[in-house]
Amino acid sequence: MGTKLKRVFAASAAAALGISLAACGGGGSESSAGGDGAAVKGGTLYVKAEDPIEKLDPQRTYIGLHINLISRTFNRGLLTLGTSTGDDADTPIPDVATDTGTKNADSTEWSFTIREGVKWQDGEEVTCEDFRYGYSRNFATDQIVDGPSQYPLGFTDIPADKDGTPQYKGPYTKKGQELYDKAVTCDGNTITYRFNKPFPDFDQAVAALHFAAPYRADKDRGAKGLFDAFSNGPYMLEDAWDADTGGTMVRNPEYDPKTDESNSRKALPDKIVFEFGDKAETTYQEILSDSGQAQDLVSFNRMPSTMYTKISQLESEKRYVSEPSPFVAYLWFNQETLDPAVRKALAWSTNREGWINASGGDRKYKPADSINQADAPGYTPNSIWKDVPAGGDAAEAKKILTEAKIKTPVPIEIHYPQSADADKQAAALKDAWDKTGLFNVQLDPEGDDYYTNIQKPSHKYDVGWAGWGTDWPSPATVYPLLFDSRINIQGATLGSDYSKFKNDEFNKLMDQAAEATGKGDIEARDKIYAEADTLLAEEGVYFPLENEIFNFAAGSNVDLQVTPAAASQPDLGVIGLKKP
């Protein structure tokens, strides 16, 4: 994240990919989970994924696994996250900044000093102005889209236009440049950010996401530079990245590990080759065969449930990892096309048990009872949804519709990102809803354009699937981002508010929670968010489905490691080969 997952599933066909959006994680051991740490420097690591990576532009990346990939390979920011899975997993670590920053008394101003000696791949020094320019790109909402720009747009101390967007329009038009020049400044090698309200978690936001990443102005091609990946980290592109098939990263000769105190970039392989297009089933068949190049192979996709019978074998060979994910999958209900009674009846009759059993069972999922992940800070079971049976309650659904005098069966279209597992799960939902006699459900699977479509303000979809996880450990990175109608001010997009929810009472609660956060009153904050979650259920905005359990395997020569910083997925900062 939504980075932690988001750190969420939300910006790609994550159901098919097994990839989540923005990205934090839960606790565990004191080191990265998975392999035995036997990797050495050298060799070529092969990384496969069913679908291509959507972008390598740091300001536009909002998928947890990809955020980690960028951090560990070619783009170093002010702060970063380490590889621990313990209680310190979400603790910011100085990266290009000399420390974790200095804030004023009310957290409306943060300053960082830039470390000397960090260089771009052409040998030029990384400067304060590079960070200042990178941050400015978020405001060009006509070109730099899909990333976590709601943070700089919503917090930076720049006056707003009538439509709610900042009067500064980014570095390409320079409209309102004088306003930006006051809000974000460089004094020598010290950068200062000024906010219009307290931002006590700015250090965690910067460590977890890339909206504040440095970017060289002379290398910026705006919307055309999705895969430019100009490096100040341990790896650089060998040749141009192919949007469909991938590319190869090799060592950056200008990277000096002496300037990197994070210990999260072991940079073990000499090369990392990314190959996209093969189905996950095909890749895992290669991994199971463990012959030739497959011995050096790791997949960014989770293991297909059809191969769970091989888990015991892979466990005995010590090349399998299973970790609770930081994400919640949920259904959203369109507030414009569906009557409130229909939305609530759908929720009460949702068969979570059928959804789970259709694809992997309890090896892959556990039922969710809130949009906030069960291991995340501020978690409280939703006061209404926690009482819905795992198999649904058709009688309660019928009661809701009867009292509202809704004619049945109600025609419903459900949209989702297509995959073999997703098809089975959607069919299980349809079967349960249809059997109630209350609904007539049509399934409408989509391809890679699913998230693009549900972010359009004009979409008429009744019901859809999404996933979310915290960007850093706070419910402030869940409820406002998904449901505060004032947050999604990035232009012609709904952001993550797919259900088109607009509610002044809810927005007021978000303000109260933010105020409590600014005062450091976490107990009050969590109580307010729990009240807001109840309101969401009363309005029939979403229904939680499950928390996924991640299952990964790799070739026998790979020291497979997953970490919270990689959204509990493979972490290229510590993965290497046992024999070069």
# chains A, B, ... in the order shown; residues from 1 in each chain; ligands from 1
call {"tool": "closest_atom_pairs", "arguments": {"of": "region 444-535 of chain A", "to": "region 400-418 of chain A", "cutoff": "8 Å", "atoms": "only C-alpha atoms", "output": "tab-separated table"}}
result
residue	atom	partner	partner_atom	distance
A:Asp444	CA	A:His415	CA	4.8
A:Pro445	CA	A:Gln418	CA	5.0
A:Glu446	CA	A:Pro417	CA	5.0
A:Gly447	CA	A:Pro417	CA	5.7
A:Asp448	CA	A:Pro417	CA	7.1
A:Tyr450	CA	A:Pro417	CA	5.7
A:Tyr461	CA	A:Glu413	CA	6.7
A:Asp462	CA	A:Glu413	CA	5.6
A:Val463	CA	A:Ile414	CA	4.6
A:Gly464	CA	A:His415	CA	4.8
A:Trp465	CA	A:Tyr416	CA	5.5
call {"tool": "closest_atom_pairs", "arguments": {"of": "region 38-103 of chain A", "to": "region 293-312 of chain A", "cutoff": "10 Å", "atoms": "only C-alpha atoms", "output": "JSON lines"}}
result
{"residue": "A:Gly43", "atom": "CA", "partner": "A:Asp296", "partner_atom": "CA", "distance": 8.8}
{"residue": "A:Thr44", "atom": "CA", "partner": "A:Asp296", "partner_atom": "CA", "distance": 7.3}
{"residue": "A:Leu45", "atom": "CA", "partner": "A:Asp296", "partner_atom": "CA", "distance": 5.5}
{"residue": "A:Tyr46", "atom": "CA", "partner": "A:Leu297", "partner_atom": "CA", "distance": 4.7}
{"residue": "A:Val47", "atom": "CA", "partner": "A:Val298", "partner_atom": "CA", "distance": 5.1}
{"residue": "A:Lys48", "atom": "CA", "partner": "A:Ser299", "partner_atom": "CA", "distance": 4.8}
{"residue": "A:Ala49", "atom": "CA", "partner": "A:Phe300", "partner_atom": "CA", "distance": 5.2}
{"residue": "A:Glu50", "atom": "CA", "partner": "A:Asn301", "partner_atom": "CA", "distance": 6.9}
{"residue": "A:Asp51", "atom": "CA", "partner": "A:Asn301", "partner_atom": "CA", "distance": 9.1}
{"residue": "A:Leu65", "atom": "CA", "partner": "A:Phe300", "partner_atom": "CA", "distance": 8.3}
{"residue": "A:His66", "atom": "CA", "partner": "A:Phe300", "partner_atom": "CA", "distance": 9.9}
call {"tool": "atom_distance", "arguments": {"atom1": "CA of Pro198 (chain A)", "atom2": "CA of Thr517 (chain A)"}}
result
8.6 Å
call {"tool": "closest_residue", "arguments": {"among": "A:Ile63, A:Ala428, A:Leu482, A:Leu78", "to": "Gln150 (chain A)", "atoms": "only C-alpha atoms"}}
result
A:Leu482
call {"tool": "residues_around", "arguments": {"residues": "Gly392 (chain A)", "least_positions_apart": "6", "cutoff": "12 Å", "atoms": "only C-alpha atoms", "output": "list in words"}}
result
Lys344, Ala345, Leu346, Ala347, Trp348, Ser349, Thr350, Asn351, Arg352, Glu353, Gly354, Trp355, Trp385, Lys386, Lys398, Ala428, Leu429, Asp431, Ala432, Trp433, Lys435, Thr436, Phe543 and Leu545 of chain A
call {"tool": "residues_around", "arguments": {"residues": "region 363-373 of chain A", "least_positions_apart": "3", "cutoff": "7 Å", "atoms": "only C-alpha atoms", "output": "compact mmCIF listing (two decimals) with C-alpha atoms, in the first residue's frame"}}
result
# COMPACT_ATOMS: atom_id res chain seq x y z
CA PRO A 326 -1.10 -8.06 5.03
CA PHE A 327 -4.18 -7.74 2.83
CA VAL A 328 -7.94 -7.98 3.05
CA ARG A 352 -17.36 -16.40 2.30
CA ILE A 356 -12.57 -19.67 0.32
CA GLY A 360 -7.32 -23.29 -1.77
CA ALA A 376 -2.87 -4.52 11.82
CA TYR A 379 -8.04 -3.60 14.15
CA PRO A 381 -14.05 -6.56 14.10
CA ASN A 382 -16.79 -4.70 12.27
CA TRP A 385 -20.27 -7.81 9.64
CA LYS A 386 -18.71 -9.93 12.39
CA GLY A 469 -3.63 -3.32 3.19
CA PRO A 475 -5.86 2.55 10.14
CA VAL A 478 -7.18 2.32 5.26
CA PRO A 544 -14.95 -8.23 3.91
CA LEU A 545 -14.17 -11.60 2.36
CA GLU A 546 -10.84 -12.95 3.57
CA ASN A 547 -7.25 -12.50 4.64
CA GLU A 548 -5.03 -14.42 2.24
CA ILE A 549 -2.17 -16.66 3.26
CA PHE A 550 0.74 -16.36 0.83
call {"tool": "atom_distance", "arguments": {"atom1": "CA of Ala513 (chain A)", "atom2": "CA of Gln335 (chain A)"}}
result
23.9 Å
call {"tool": "closest_residue", "arguments": {"among": "A:Asp511, A:Asp201, A:Asp163, A:Asp571", "to": "Ser474 (chain A)", "atoms": "only C-alpha atoms"}}
result
A:Asp201
call {"tool": "closest_residue", "arguments": {"among": "A:Pro324, A:Pro570, A:Pro94, A:Pro377", "to": "Ala207 (chain A)", "atoms": "only C-alpha atoms"}}
result
A:Pro94
call {"tool": "closest_residue", "arguments": {"among": "A:Ile144, A:Ala420, A:Ala514, A:Val40", "to": "Asp270 (chain A)", "atoms": "only C-alpha atoms"}}
result
A:Val40
call {"tool": "closest_residue", "arguments": {"among": "A:Asn453, A:Thr470, A:Ser291, A:Thr493", "to": "Ala374 (chain A)", "atoms": "only C-alpha atoms"}}
result
A:Thr470
call {"tool": "atom_distance", "arguments": {"atom1": "CA of Trp472 (chain A)", "atom2": "CA of Phe333 (chain A)"}}
result
26.0 Å
call {"tool": "select_by_dssp", "arguments": {"residues": "region 365-480 of chain A", "states": "strand (DSSP E)", "output": "list of chain:residue names"}}
result
A:Tyr365, A:Lys366, A:Pro367, A:Val410, A:Pro411, A:Ile412, A:Glu413, A:Ile414, A:His415, A:Tyr416, A:Pro417, A:Phe439, A:Asn440, A:Val441, A:Gln442, A:Leu443, A:Asp444, A:Pro445, A:Glu446, A:Val463, A:Gly464, A:Trp465, A:Ala466, A:Gly467, A:Trp468
call {"tool": "write_last_selection", "arguments": {"atoms": "N, CA and C atoms", "output": "PDB file, in the first residue's frame"}}
result
ATOM      1  N   TYR A 365      -6.649 -19.082   2.824  1.00  0.00           N
ATOM      2  CA  TYR A 365      -7.451 -17.970   3.319  1.00  0.00           C
ATOM      3  C   TYR A 365      -7.940 -18.218   4.738  1.00  0.00           C
ATOM      4  N   LYS A 366      -8.260 -17.123   5.403  1.00  0.00           N
ATOM      5  CA  LYS A 366      -9.077 -17.172   6.608  1.00  0.00           C
ATOM      6  C   LYS A 366     -10.111 -16.059   6.499  1.00  0.00           C
ATOM      7  N   PRO A 367     -11.336 -16.282   6.987  1.00  0.00           N
ATOM      8  CA  PRO A 367     -12.387 -15.282   6.821  1.00  0.00           C
ATOM      9  C   PRO A 367     -12.009 -13.950   7.474  1.00  0.00           C
ATOM     10  N   VAL A 410     -33.390  -9.582  -7.723  1.00  0.00           N
ATOM     11  CA  VAL A 410     -32.747  -8.341  -8.143  1.00  0.00           C
ATOM     12  C   VAL A 410     -31.611  -8.675  -9.114  1.00  0.00           C
ATOM     13  N   PRO A 411     -31.605  -8.102 -10.310  1.00  0.00           N
ATOM     14  CA  PRO A 411     -30.498  -8.362 -11.235  1.00  0.00           C
ATOM     15  C   PRO A 411     -29.217  -7.673 -10.743  1.00  0.00           C
ATOM     16  N   ILE A 412     -28.111  -8.427 -10.721  1.00  0.00           N
ATOM     17  CA  ILE A 412     -26.828  -7.910 -10.215  1.00  0.00           C
ATOM     18  C   ILE A 412     -25.713  -8.321 -11.159  1.00  0.00           C
ATOM     19  N   GLU A 413     -24.830  -7.386 -11.462  1.00  0.00           N
ATOM     20  CA  GLU A 413     -23.618  -7.700 -12.232  1.00  0.00           C
ATOM     21  C   GLU A 413     -22.422  -7.585 -11.293  1.00  0.00           C
ATOM     22  N   ILE A 414     -21.592  -8.617 -11.264  1.00  0.00           N
ATOM     23  CA  ILE A 414     -20.375  -8.575 -10.467  1.00  0.00           C
ATOM     24  C   ILE A 414     -19.164  -8.618 -11.387  1.00  0.00           C
ATOM     25  N   HIS A 415     -18.266  -7.673 -11.221  1.00  0.00           N
ATOM     26  CA  HIS A 415     -17.052  -7.583 -12.028  1.00  0.00           C
ATOM     27  C   HIS A 415     -15.839  -7.957 -11.178  1.00  0.00           C
ATOM     28  N   TYR A 416     -14.844  -8.558 -11.826  1.00  0.00           N
ATOM     29  CA  TYR A 416     -13.634  -8.961 -11.107  1.00  0.00           C
ATOM     30  C   TYR A 416     -12.519  -9.197 -12.117  1.00  0.00           C
ATOM     31  N   PRO A 417     -11.251  -9.153 -11.670  1.00  0.00           N
ATOM     32  CA  PRO A 417     -10.129  -9.432 -12.569  1.00  0.00           C
ATOM     33  C   PRO A 417     -10.015 -10.931 -12.809  1.00  0.00           C
ATOM     34  N   PHE A 439     -31.676 -12.886  -5.845  1.00  0.00           N
ATOM     35  CA  PHE A 439     -30.836 -12.207  -6.822  1.00  0.00           C
ATOM     36  C   PHE A 439     -30.702 -13.035  -8.090  1.00  0.00           C
ATOM     37  N   ASN A 440     -30.457 -12.355  -9.176  1.00  0.00           N
ATOM     38  CA  ASN A 440     -30.126 -12.990 -10.441  1.00  0.00           C
ATOM     39  C   ASN A 440     -28.786 -12.400 -10.866  1.00  0.00           C
ATOM     40  N   VAL A 441     -27.714 -13.155 -10.650  1.00  0.00           N
ATOM     41  CA  VAL A 441     -26.359 -12.615 -10.744  1.00  0.00           C
ATOM     42  C   VAL A 441     -25.705 -12.955 -12.078  1.00  0.00           C
ATOM     43  N   GLN A 442     -25.117 -11.953 -12.689  1.00  0.00           N
ATOM     44  CA  GLN A 442     -24.341 -12.132 -13.918  1.00  0.00           C
ATOM     45  C   GLN A 442     -22.880 -11.851 -13.617  1.00  0.00           C
ATOM     46  N   LEU A 443     -21.984 -12.748 -14.024  1.00  0.00           N
ATOM     47  CA  LEU A 443     -20.550 -12.579 -13.813  1.00  0.00           C
ATOM     48  C   LEU A 443     -19.924 -11.917 -15.030  1.00  0.00           C
ATOM     49  N   ASP A 444     -19.116 -10.899 -14.784  1.00  0.00           N
ATOM     50  CA  ASP A 444     -18.445 -10.167 -15.862  1.00  0.00           C
ATOM     51  C   ASP A 444     -16.959 -10.041 -15.562  1.00  0.00           C
ATOM     52  N   PRO A 445     -16.191 -11.092 -15.861  1.00  0.00           N
ATOM     53  CA  PRO A 445     -14.747 -11.021 -15.622  1.00  0.00           C
ATOM     54  C   PRO A 445     -14.068 -10.091 -16.624  1.00  0.00           C
ATOM     55  N   GLU A 446     -12.965  -9.501 -16.213  1.00  0.00           N
ATOM     56  CA  GLU A 446     -12.224  -8.579 -17.071  1.00  0.00           C
ATOM     57  C   GLU A 446     -10.734  -8.903 -17.009  1.00  0.00           C
ATOM     58  N   VAL A 463     -21.271  -4.484  -8.424  1.00  0.00           N
ATOM     59  CA  VAL A 463     -20.442  -5.099  -7.387  1.00  0.00           C
ATOM     60  C   VAL A 463     -19.080  -5.413  -7.983  1.00  0.00           C
ATOM     61  N   GLY A 464     -18.028  -5.231  -7.208  1.00  0.00           N
ATOM     62  CA  GLY A 464     -16.692  -5.581  -7.672  1.00  0.00           C
ATOM     63  C   GLY A 464     -15.838  -6.093  -6.529  1.00  0.00           C
ATOM     64  N   TRP A 465     -14.702  -6.616  -6.907  1.00  0.00           N
ATOM     65  CA  TRP A 465     -13.739  -7.146  -5.930  1.00  0.00           C
ATOM     66  C   TRP A 465     -12.554  -6.210  -5.849  1.00  0.00           C
ATOM     67  N   ALA A 466     -11.953  -6.099  -4.666  1.00  0.00           N
ATOM     68  CA  ALA A 466     -10.708  -5.350  -4.500  1.00  0.00           C
ATOM     69  C   ALA A 466      -9.988  -5.904  -3.279  1.00  0.00           C
ATOM     70  N   GLY A 467      -8.827  -5.375  -3.019  1.00  0.00           N
ATOM     71  CA  GLY A 467      -8.075  -5.757  -1.837  1.00  0.00           C
ATOM     72  C   GLY A 467      -7.330  -4.556  -1.301  1.00  0.00           C
ATOM     73  N   TRP A 468      -7.013  -4.579  -0.027  1.00  0.00           N
ATOM     74  CA  TRP A 468      -6.327  -3.428   0.577  1.00  0.00           C
ATOM     75  C   TRP A 468      -5.512  -3.880   1.760  1.00  0.00           C
TER      76      TRP A 468
END
call {"tool": "closest_residue", "arguments": {"among": "A:Ser499, A:Gln425, A:Thr165, A:Thr83", "to": "Ile575 (chain A)", "atoms": "only C-alpha atoms"}}
result
A:Thr83
